[in-house]
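Right, one structure below, let's go through it.
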Amino acid sequence: MDLRYNDEQRAFAQEVREFTRANLDPSVAKKVLEGARLSREDYLAWHRALYKKGWVGVGWPTAFGGTGWNSTQQHIFDEVTADEGAPQLMPFGLRMVAPVIMAFGNKTQQDHYLPKILSGEHWWCQGYSEPGSGSDLASLKTKAERSKDADGAHYIVNGQKTWTTLGQHADWIFCLVRTSTDGRQQEGISFLLIDMKSPGVTVRPIIMLDQEHEVNEVWFDNVRVPAENLIGEENKGWTYAKFLLSHERTGIAGVGRCKRIVKRLHHVAKQATANGQPLIEDVRFRDRLAQAEIELRALEITLLRVLDAEREKRAPGPEASLLKIKGSEIQQTLTELTMMAAGPAALPYVREGEHEAQDVAWLSDEAYRYATGTYFNFRKTTIYGGSNEIQRNIVTQLVLGL
Amino acid sequence: MNFSLNDEQTALKDTLAKFIERDYSFDQRWKITESDVGWSREHWNKLAEIGAMALPVAENDGGLGGSGVDTMVVMEQLGRGLVVEPYIGCVILPVALLTQGASDIERAGLLERIGSGESMVAFAHTDAGSRYEREQLKTRATFANGAYSITGKKIAVLGGDCAELLLVSAKVGQDAAASLFLVQTSASGVTRFPYPMQDAQRGADISFVNAPAVLLGERASAQAAIDYALDAACAALSAEAIGVMSELQKITVEYLKTRKQFGRAIGMNQALQHRAVDMLMHLEMSRSMAMEAAVAMSAPDAKARAKSVSAAKVLIGQACRFVGQQAVQLHGGIGVTHELNVSHYFKRLTMIGASFGDCDWHLARYGESLLAA
């Protein structure tokens with residue numbers, strides 16, 4: 001048993017770090033480290049740099065142009081790039097729809113979509129949740145009716161998706177749609193790829209509690225979708241959706257991101273003063289930071305155990321199912337601590353660019369500028385990707401057998 | 001990076017698991033704890049035959065030269081069986097202390113006798129009224145007529161009831177740092193007050209009045225060995241807690257499946273289901289930290305070791321409390337009885353939390369490492 005990286009893994013981490021330092025735009029890194037909102041171009045510039053290097057298909061097999069890295073290498077890549085302030089690679093194309101296309105798409109679909117996901121030509125978004133279908137996803141109602149005309153077989157899609165993350169940037173959306181109302185509701189769902197430029201698609205922003213535009217509603221009004229955009233078989237979409245959910249289990253713990261926040265928190269706690277002393281000298285604050293760090297270390301080792309089991313082709317144990325719950329809780333704790341470190345500087349809501357314009361120098365400190373917004377924003381982590389209560393139901397059923 | 005046990009460790013684990021199944025059922029344990037001495041020489045000897053005592057002893061000292069991970073394997077199984085024989089008190093602690101704090105000549109033979117199960121040596125360290133203090137000792141040693149003698153009172157000495165030899169931490173005169181002494185329990189001026197502890201393990205308070213003592217290692221230079229030994233005990237307790245918690249978790253889930261109220265299994269209730277999931281979460285996070293602590297015992301850097309061990313003791317101490325309390329709660333009335341094994345697991349978890357530094361103590365120690373960083 002050895003919990004450290006071996007020489008080969010350390011060398012790989014170093015290679016990733018050097019590449020990131022040489023190719024990541026420092027102004028983007030600064031935004032990421034401060035928790036500022038990123039533009040479409042910020043994400044894409046990093047995506048393209050990795051594409052040029054052949055590193056963008058992180059979890060992909062080499063046959064499809066991926067890196068072929070094992071799960072530990074993937075984790076090292078996530079950890080190091082997060083530490084350097086690289087934007088998160090958008091998972092919707094690379095880690096969500098791509099594995100489904102690889103596993104269940106036909107050759108034409110694979111040849112068409114996968115290279116464009118890699119190159120960044122297509123930005124994807126996810127069309128799963130609906131206003132009436134959150135945790136109970138299989139109850140979704142967006143309807144796709146098959147028909148045929150002179151231009152060929154197609155579906156007419158009507159309905160509404162919601163919580164569509166960065167849908168405002170997206171070129172394509174992968175959707176779960178209802179193609180049948182017979183039998184169990186899971187059996188009437190299909191997996192459909194839809195061009196966001198199709199007539200009848202409308203994207204409306206949802207402004208979240210941090211007053212940012214991160215998610216959207218996507219409306220479909222008689223949208224015509226070519227039948228060849230169906231993945232796999234009609235009415236088998238639920239199987240593909242479940243495959244997708246199980247495929248991305250380890251990344252959602254956000255260990256790399258958490259380690260970055262901890263590092264920043266240390267920096268902040270040494271700068272901020274309380275009673276004339278650095279905040280880190282305050283025992284109450286230090287205990288909280290220590291507690292969060294310890295939990296993060298436990299999460300990290302647990303994640304590494306899961307990755308090790310995957311690499312050795314041993315079935316991951318129950319620990320895999322728990323990563324999302326604990327990871328999201330720790331992310332929330334850390335963002336809350338960052339806000340606490342800000343003290344009264346957590347109070348003002350000052351828009352982008354206004355810090356410099358007005359005489360509010362005391363809160364223009366970069367360390368605090370986005371602390372509160374990030375705290376509010378991160379309340380999402382225990383809700384998305386299957387709320388933590390749903391996750392506990394899953395563990396109850398699949399692990400405890402209750 | 002590698003999280004697997006090697007072949008020898010797997011074999012060791014299987015052997016100990018068999019010992020627990022065959023020789024350490026709840027009923028067998030009950031007989032042991034109800035006996036006058038409260039532990040079993042027969043079971044102690046069986047553990048020695050398996051090689052558990054020789055495991056942490058270095059090969060140079062006639063042992064098997066096992067690592068922290070080997071100890072983890074042993075402790076997890078001892079935890080499953082709620083073994084009351086003082087393995088931490090009379091093996092882990094004295095072996096670590098003698099290896100780190102005594103010269104070759106001083107420890108010659110003694111470690112071998114511990115490794116064979118023949119000698120029982122306990123560590124008398126905790127001064128009355130000093131809580132978890134590691135350095136500021138009240139017990140004093142004096143040097144006169146070419147010999148040392150010790151005066152002071154040590155409490156909650158694990159295995160202090162049955163050990164024939166004691167390793168005693170004390171300060172000589174106005175020394176800044178602690179020294180380590182060897183004292184015969186039969187010596188004049190040594191008085192023992194043996195007792196069962198809350199979890200049925202045995203211990204003793206021991207008072208020393210001018211008791212003759214032999215200095216081990218250099219005077220005023222035992223602190224590193226004491227820290228190492230107490231960290232080794234914490235790492236061992238962490239691994240033991242995994243065994244205790246995994247049994248308790250299993251027993252509780254089984255109860256949720258079989259206990260019926262309102263015409264159905266109580267495990268059908270989501271409030272109880274989610275509590276059981278949280279117990280599992282504590283257990284799995286703890287398992288990771290027990291590994292961290294076990295591996296850290298081989299770290300060359302004492303500060304890195306201290307940080308990892310304290311991190312483990314904090315997280316596992318909190319888990320012990322949660323898993324123990326919730327196991328009792330989910331069992332309802334039967335959970336608070338003496339006759340059911342659940343309360344015995346709970347009590348052991350509680351004692352683990354209170355031994356060699358509680359969560360607050362280790363959180364503070366971990367926090368201090370953040371100041372230095």
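Going through the structure tokens in order, the chains are called A, B, and so on, while each chain numbers its residues from 1 and the ligands are numbered from 1 in the order shown.
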Shell around stretch 131-147 of chain B at 12 Å using only C-alpha atoms, local window under 6 positions removed, as JSON, numbers by chain: {"B": [124, 125, 153, 154, 155, 156, 168, 169, 170, 171, 172, 173, 174, 175, 176, 177, 178, 179, 180, 181, 182, 183, 206, 207, 208, 209, 210, 211, 212, 213, 214, 215, 219, 220, 221, 222, 223, 224, 225, 226, 227, 228, 229, 230, 231, 354, 355, 356, 357, 358, 359, 360, 361, 362, 364, 365]}
Residues of chain A within 8 Å of chain B, only C-alpha atoms counted, as a ChimeraX atom specification: /A:1-6,280-281,286-287,290-291,294-295,297-299,301-302,305,308,319,322,326,389,392-393,395-396,400,402
If you keep C-alpha atoms, can you produce a file of those selected residues as a compact mmCIF listing (two decimals), in the first residue's frame?
# COMPACT_ATOMS: atom_id res chain seq x y z
CA MET A 1 0.00 0.00 0.00
CA ASP A 2 1.34 3.38 -1.00
CA LEU A 3 -0.74 6.54 -1.13
CA ARG A 4 1.76 8.68 -2.98
CA TYR A 5 2.14 9.06 -6.71
CA ASN A 6 4.95 6.98 -8.16
CA ILE A 280 -5.29 32.10 10.52
CA GLU A 281 -4.22 32.93 14.10
CA ARG A 286 -8.37 27.87 12.00
CA ASP A 287 -10.35 24.95 13.42
CA ALA A 290 -8.45 22.44 9.55
CA GLN A 291 -11.69 20.46 9.69
CA ILE A 294 -9.10 16.99 6.82
CA GLU A 295 -12.41 16.08 5.21
CA ARG A 297 -8.01 14.74 2.38
CA ALA A 298 -10.37 11.89 3.29
CA LEU A 299 -12.38 12.57 0.14
CA ILE A 301 -7.99 9.31 -0.71
CA THR A 302 -11.45 7.85 -1.16
CA ARG A 305 -9.20 4.34 -3.97
CA ASP A 308 -7.22 2.58 -8.26
CA GLU A 319 -17.14 4.50 -1.80
CA LEU A 322 -20.52 8.50 -1.83
CA LYS A 326 -19.29 14.31 0.28
CA GLU A 389 -31.11 13.15 -1.17
CA ARG A 392 -28.72 8.74 -0.60
CA ASN A 393 -31.72 6.90 -2.05
CA VAL A 395 -26.91 4.21 -1.99
CA THR A 396 -29.79 2.88 0.13
CA LEU A 400 -27.29 -1.13 1.59
CA LEU A 402 -32.73 -1.59 1.96
Point-to-point distance in Å for atom CA of A:Glu34 and atom CA of A:Tyr370: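 If I compute the distance from atom CA of A:Tyr370 to atom CA of A:Glu34, I get 6.6 Å.
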Residue neighbourhood A:Lys53, 12 Å, only C-alpha atoms, exclusion window fewer than 5 positions, as JSON, numbers by chain: {"A": [15, 16, 19, 20, 22, 23, 46, 47, 48, 58, 65, 66, 67, 118, 119]}
May I have the residues from that selection written out with C-alpha atoms, as a CSV table (one decimal), in the first residue's frame?
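Output below, filename again_34.csv:
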chain,number,residue,atom,x,y,z
A,15,GLU,CA,4.5,17.6,-17.7
A,16,VAL,CA,0.9,18.7,-17.3
A,19,PHE,CA,2.2,22.7,-20.4
A,20,THR,CA,-0.5,24.5,-18.5
A,22,ALA,CA,3.1,27.7,-21.0
A,23,ASN,CA,-0.3,27.6,-22.6
A,46,TRP,CA,-8.0,26.6,-23.1
A,47,HIS,CA,-10.0,23.9,-24.9
A,48,ARG,CA,-8.2,24.7,-28.2
A,58,VAL,CA,-9.1,13.3,-21.3
A,65,GLY,CA,-8.8,10.6,-30.7
A,66,GLY,CA,-8.6,10.6,-26.9
A,67,THR,CA,-5.6,10.5,-24.6
A,118,LEU,CA,-12.7,17.4,-29.6
A,119,SER,CA,-11.9,20.5,-31.7
Test item, strand (DSSP E or B) assignment across stretch 27-215 of chain B, answer as a PyMOL selection string: chain B and resi 121-124+127+140-144+147-158+165-172+179-184+190-196+202-215
Selection near A:Asn158, 7 Å with only C-alpha atoms, sequence-local residues under 3 positions removed, as a PyMOL selection string: chain A and resi 142-144+220-223
